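> Can you read through this structure? Questions will come right after.
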Amino acid sequence: MLTEAFSEAFRLILSADADLFEILWLSVQVSLTALLVSIVLGLPIGTTLAIANFPGKNVCITVINSLMGMPPVVVGLLVYLALSRSGPFGVFGLLYTPSAMVIAQVLLITPIIAALTCQVMDDLHKEYRDLFFSLSIPLNKAVAAYLWDARYSLITAVLAGFGRAISEVGAVMIVGGNIDHLTRVMTTAIALETSRGELSVALGLGIVLLALALSVNGLVTTVRSRARYYGCA
Amino acid sequence: MRETRDSGKPNLQISVNNLCLDMLGSRVLDQIDLTIDQPGVTMILGPNGAGKSLLLKCIHGLLSPTQGSIGFNGLNGNPKQAMVFQKPVLLRRSVMDNMRFADQDRQTQSELEQALDSVQLLEKREHPATQLSGGEQQRLALARALLTKPDLLLLDEPTASLDPASVLIIEKLIQQATRQHIKSIFISHDIGQARRLSADVIFLNRGLVIEYSDAAPFFFAPHSNEAKAFLSGEIVL
Ligand SMILES: Nc1ncnc2c1ncn2[C@@H]1O[C@H](COP(=O)(O)OP(=O)(O)O)[C@@H](O)[C@H]1O
Ligand SMILES: [Mg+2]
């Protein structure tokens, strides 16, 4: 029975099954959008926390670091409350749409990107600060140098964020609702099909998800070895 | 104001006025009063923890003194300064890109290459700077500092634990810089090196200036017991 499920799973993948690819495509779209937004938010937040001096800086860093460990279901619940009809953002009617899933994933991965950015930039800042003062490097050039010299670590952070977004299930289930042809993504589909006993579909999606996760990891490894060459692993 | 003989260019004069520096509640530089007006290399000598690095950082502006001030005279405006740190700080980029980063006057490729050649790093211009040996890294740091065409060059034990070939290259460049009327303040723990390079010597111990004199009198007839002990290789505490 298991071998049957496996062969059926591979048939679905190889035949480019329309339903399967619709789900896959939506997953990638939602997570990539969330990733882009999180980069736009997380990079400046992390950089500012590392370089700027202001009262309450350490508190902010602690908060961001603890937000990294937020359980996805709790994030899902909070977004649900905010977006539900009676919630503060209810008027926008976003609950059970891909936008709601993007919002939940943004909340999940922005802290990851911001916290990792902050760590890398803080290390570089400590190392370069005196030199940049000595060379009278203006702030904008200094920040550009931090970003460029931290590029491999930043790419790793971004990939980690994407990995978390694409494989997360709790939050998107709550705010997306796993609606067929609308908000069904790989993780929620796997959960549903497994519970319905449709193992071949679940396996097919699982294999694709696994392949995706492995490629992200492979990319991280490649980036790391590149980074070691420039002494910034 | 003294003038250097051949150029008619006035000397840079550095005055340290009653400078005190406290760190973590203890006084690490104590009422330093100096007027440095010799051209060439001013050597700062003294045992570990004497306050040599901190004094250099105060002069450079990296640290603000708790009390007192630093003044520069003899040039129009403040001197352009460059510093070579004890542990070279290099960007995680190629050797050439490290030079380019510091270059503010858009020097030509051949000028940059010439600068690298002067520290024998031209062949390694595309290597990642952080992969160079310790001596090569410090040579790059010096070439980069000189690229900014400073009036005042500050060097914090630039040759500590380097290979002899690198030490020689660095010393030659410093002497060449002196000929180009660049004033240097140099921290060294190597008495032989101090004899080779210095025009005058500041001897520090425990945050105090114990002696400040021309090099010859310092090395041949130091006044203080601390300096005598230091020069004879005893451990000074
Ligand atoms: N950031 C710091 N905070 C507190 N004390 C410091 C700091 N930096 C240096 N010191 C102390 O100041 C004294 C002088 O340091 P330094 O100038 O580095 O000595 P050196 O003459 O060996 O270069 C030392 O006793 C050192 O422990
Ligand atoms: Mg020192």
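Just so we're on the same page: first chain in the structure tokens is A, next is B, and so on; residues restart at 1 for each chain, and ligands are numbered from 1 in the order they show up.
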Residues of chain B within 6 Å of chain A, using only C-alpha atoms, as a list in words?

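Contact residues on the first chain: Arg92, Pro128 and Thr130 of chain B.
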
> Show me which residues sit within 6 Å of ligand 1 when counting only C-alpha atoms and all ligand atoms, and put them as a ChimeraX atom specification.

/B:23-24,28,48-54

> Keeping only C-alpha atoms, write the selected residues as a PDB file, in the first residue's frame.


```pdb
ATOM      1  CA  MET B  23      38.866  54.211  31.901  1.00  0.00           C
ATOM      2  CA  LEU B  24      36.524  52.202  34.100  1.00  0.00           C
ATOM      3  CA  VAL B  28      45.253  55.367  32.513  1.00  0.00           C
ATOM      4  CA  ASN B  48      52.894  46.735  28.335  1.00  0.00           C
ATOM      5  CA  GLY B  49      49.892  48.532  29.703  1.00  0.00           C
ATOM      6  CA  ALA B  50      51.777  51.831  29.958  1.00  0.00           C
ATOM      7  CA  GLY B  51      49.078  53.640  27.980  1.00  0.00           C
ATOM      8  CA  LYS B  52      50.863  53.874  24.623  1.00  0.00           C
ATOM      9  CA  SER B  53      47.935  52.728  22.508  1.00  0.00           C
ATOM     10  CA  LEU B  54      45.495  54.912  24.405  1.00  0.00           C
TER      11      LEU B  54
END
```

> Please extract the residues at most 12 Å from ligand 2, counting only C-alpha atoms and all ligand atoms, and provide them as a list in words, using the chain letters and residue numbers of this document.

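Using only C-alpha atoms and all ligand atoms, everything at most 12 Å from ligand 2 comes to Ile44, Leu45, Gly46, Pro47, Asn48, Gly49, Ala50, Gly51, Lys52, Ser53, Leu54, Leu55, Leu56, Lys57, Phe85, Gln86, Lys87, Leu155, Asp156, Glu157, Pro158, Ala160, Phe186, Ile187, Ser188, His189 and Leu204 of chain B.
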
> Restricting the calculation to only C-alpha atoms: of A:Ile23, A:Ala104, A:Ala114, A:Leu203, which residue gets closest to Thr3 in chain A?

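Nearest candidate to Thr3 in chain A out of A:Ile23, A:Ala104, A:Ala114, A:Leu203: A:Leu203.
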
> May I ask for the distance between CA of Leu36 in chain A and CA of Phe162 in chain A, given in Å to one decimal place?

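Calculated distance between CA of Leu36 in chain A and CA of Phe162 in chain A is 9.5 Å.
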
> Find the spatial neighbours of Ile109 in chain A, counting only C-alpha atoms, within a cut-off of 10 Å - ignore same-chain residues fewer than 3 positions away - and output them as a PyMOL selection string.

chain A and resi 31+34-35+37-39+42+67-70+104-106+112-115+157-158+160-165

> Which residue out of A:Val220, A:Ala82, A:Leu159, A:Val120 has the minimum interatomic distance to Ile103 in chain A when only C-alpha atoms are used?

A:Ala82

> For the strand (DSSP E or B) assignment from backbone DSSP, which residues of range 35-229 of chain B qualify? Please present them as a PyMOL selection string.

chain B and resi 35-36+41-45+67-73+81-84+94+128+152-156+183-187+198-205+208-214

> Could you give me, as a VMD selection string, each residue of chain B that DSSP assigns to alpha helix (DSSP H) when run on this structure's backbone?

chain B and resid 52 to 60 95 to 102 109 to 118 134 to 147 164 to 179 191 to 197 215 to 220 225 to 231

> Compile the contact shell of range 74-77 of chain B as a PyMOL selection string: residues with an atom at most 6 Å away, counting only C-alpha atoms, same-chain residues fewer than 4 positions apart removed.

chain B and resi 10-13

> Restricting the output to all heavy atoms, write the selected residues as a PDB file, in the first residue's frame.


```pdb
ATOM      1  N   PRO B  10      56.729  74.051   6.645  1.00  0.00           N
ATOM      2  CA  PRO B  10      56.798  74.090   8.095  1.00  0.00           C
ATOM      3  C   PRO B  10      56.504  72.714   8.696  1.00  0.00           C
ATOM      4  O   PRO B  10      55.797  71.917   8.107  1.00  0.00           O
ATOM      5  CB  PRO B  10      55.708  75.095   8.479  1.00  0.00           C
ATOM      6  CG  PRO B  10      54.786  75.142   7.321  1.00  0.00           C
ATOM      7  CD  PRO B  10      55.602  74.807   6.110  1.00  0.00           C
ATOM      8  N   ASN B  11      57.122  72.460   9.850  1.00  0.00           N
ATOM      9  CA  ASN B  11      56.862  71.195  10.529  1.00  0.00           C
ATOM     10  C   ASN B  11      55.492  71.188  11.152  1.00  0.00           C
ATOM     11  O   ASN B  11      55.015  72.200  11.649  1.00  0.00           O
ATOM     12  CB  ASN B  11      57.862  70.995  11.664  1.00  0.00           C
ATOM     13  CG  ASN B  11      59.200  70.566  11.140  1.00  0.00           C
ATOM     14  OD1 ASN B  11      59.286  70.009  10.051  1.00  0.00           O
ATOM     15  ND2 ASN B  11      60.231  70.846  11.908  1.00  0.00           N
ATOM     16  N   LEU B  12      54.921  69.991  11.182  1.00  0.00           N
ATOM     17  CA  LEU B  12      53.704  69.792  11.958  1.00  0.00           C
ATOM     18  C   LEU B  12      54.097  69.745  13.426  1.00  0.00           C
ATOM     19  O   LEU B  12      55.069  69.100  13.803  1.00  0.00           O
ATOM     20  CB  LEU B  12      53.059  68.472  11.539  1.00  0.00           C
ATOM     21  CG  LEU B  12      51.907  67.983  12.405  1.00  0.00           C
ATOM     22  CD1 LEU B  12      50.754  68.973  12.379  1.00  0.00           C
ATOM     23  CD2 LEU B  12      51.450  66.623  11.932  1.00  0.00           C
ATOM     24  N   GLN B  13      53.362  70.480  14.212  1.00  0.00           N
ATOM     25  CA  GLN B  13      53.639  70.492  15.647  1.00  0.00           C
ATOM     26  C   GLN B  13      52.414  69.949  16.376  1.00  0.00           C
ATOM     27  O   GLN B  13      51.297  70.407  16.136  1.00  0.00           O
ATOM     28  CB  GLN B  13      53.912  71.934  16.075  1.00  0.00           C
ATOM     29  CG  GLN B  13      54.507  72.068  17.442  1.00  0.00           C
ATOM     30  CD  GLN B  13      54.666  73.537  17.798  1.00  0.00           C
ATOM     31  OE1 GLN B  13      53.688  74.271  17.891  1.00  0.00           O
ATOM     32  NE2 GLN B  13      55.905  73.965  17.980  1.00  0.00           N
TER      33      GLN B  13
END
```

> With only C-alpha atoms as the counted atoms, please give the residues lying no more than 8 Å from range 29-38 of chain B, apart from itself and same-chain residues fewer than 4 positions off, as JSON, numbers by chain.

{"B": [2, 11, 12, 13, 14, 15, 16, 17, 18, 19, 20, 21, 22, 42, 51, 54, 55, 68, 199, 200, 206, 207, 208, 209, 212]}
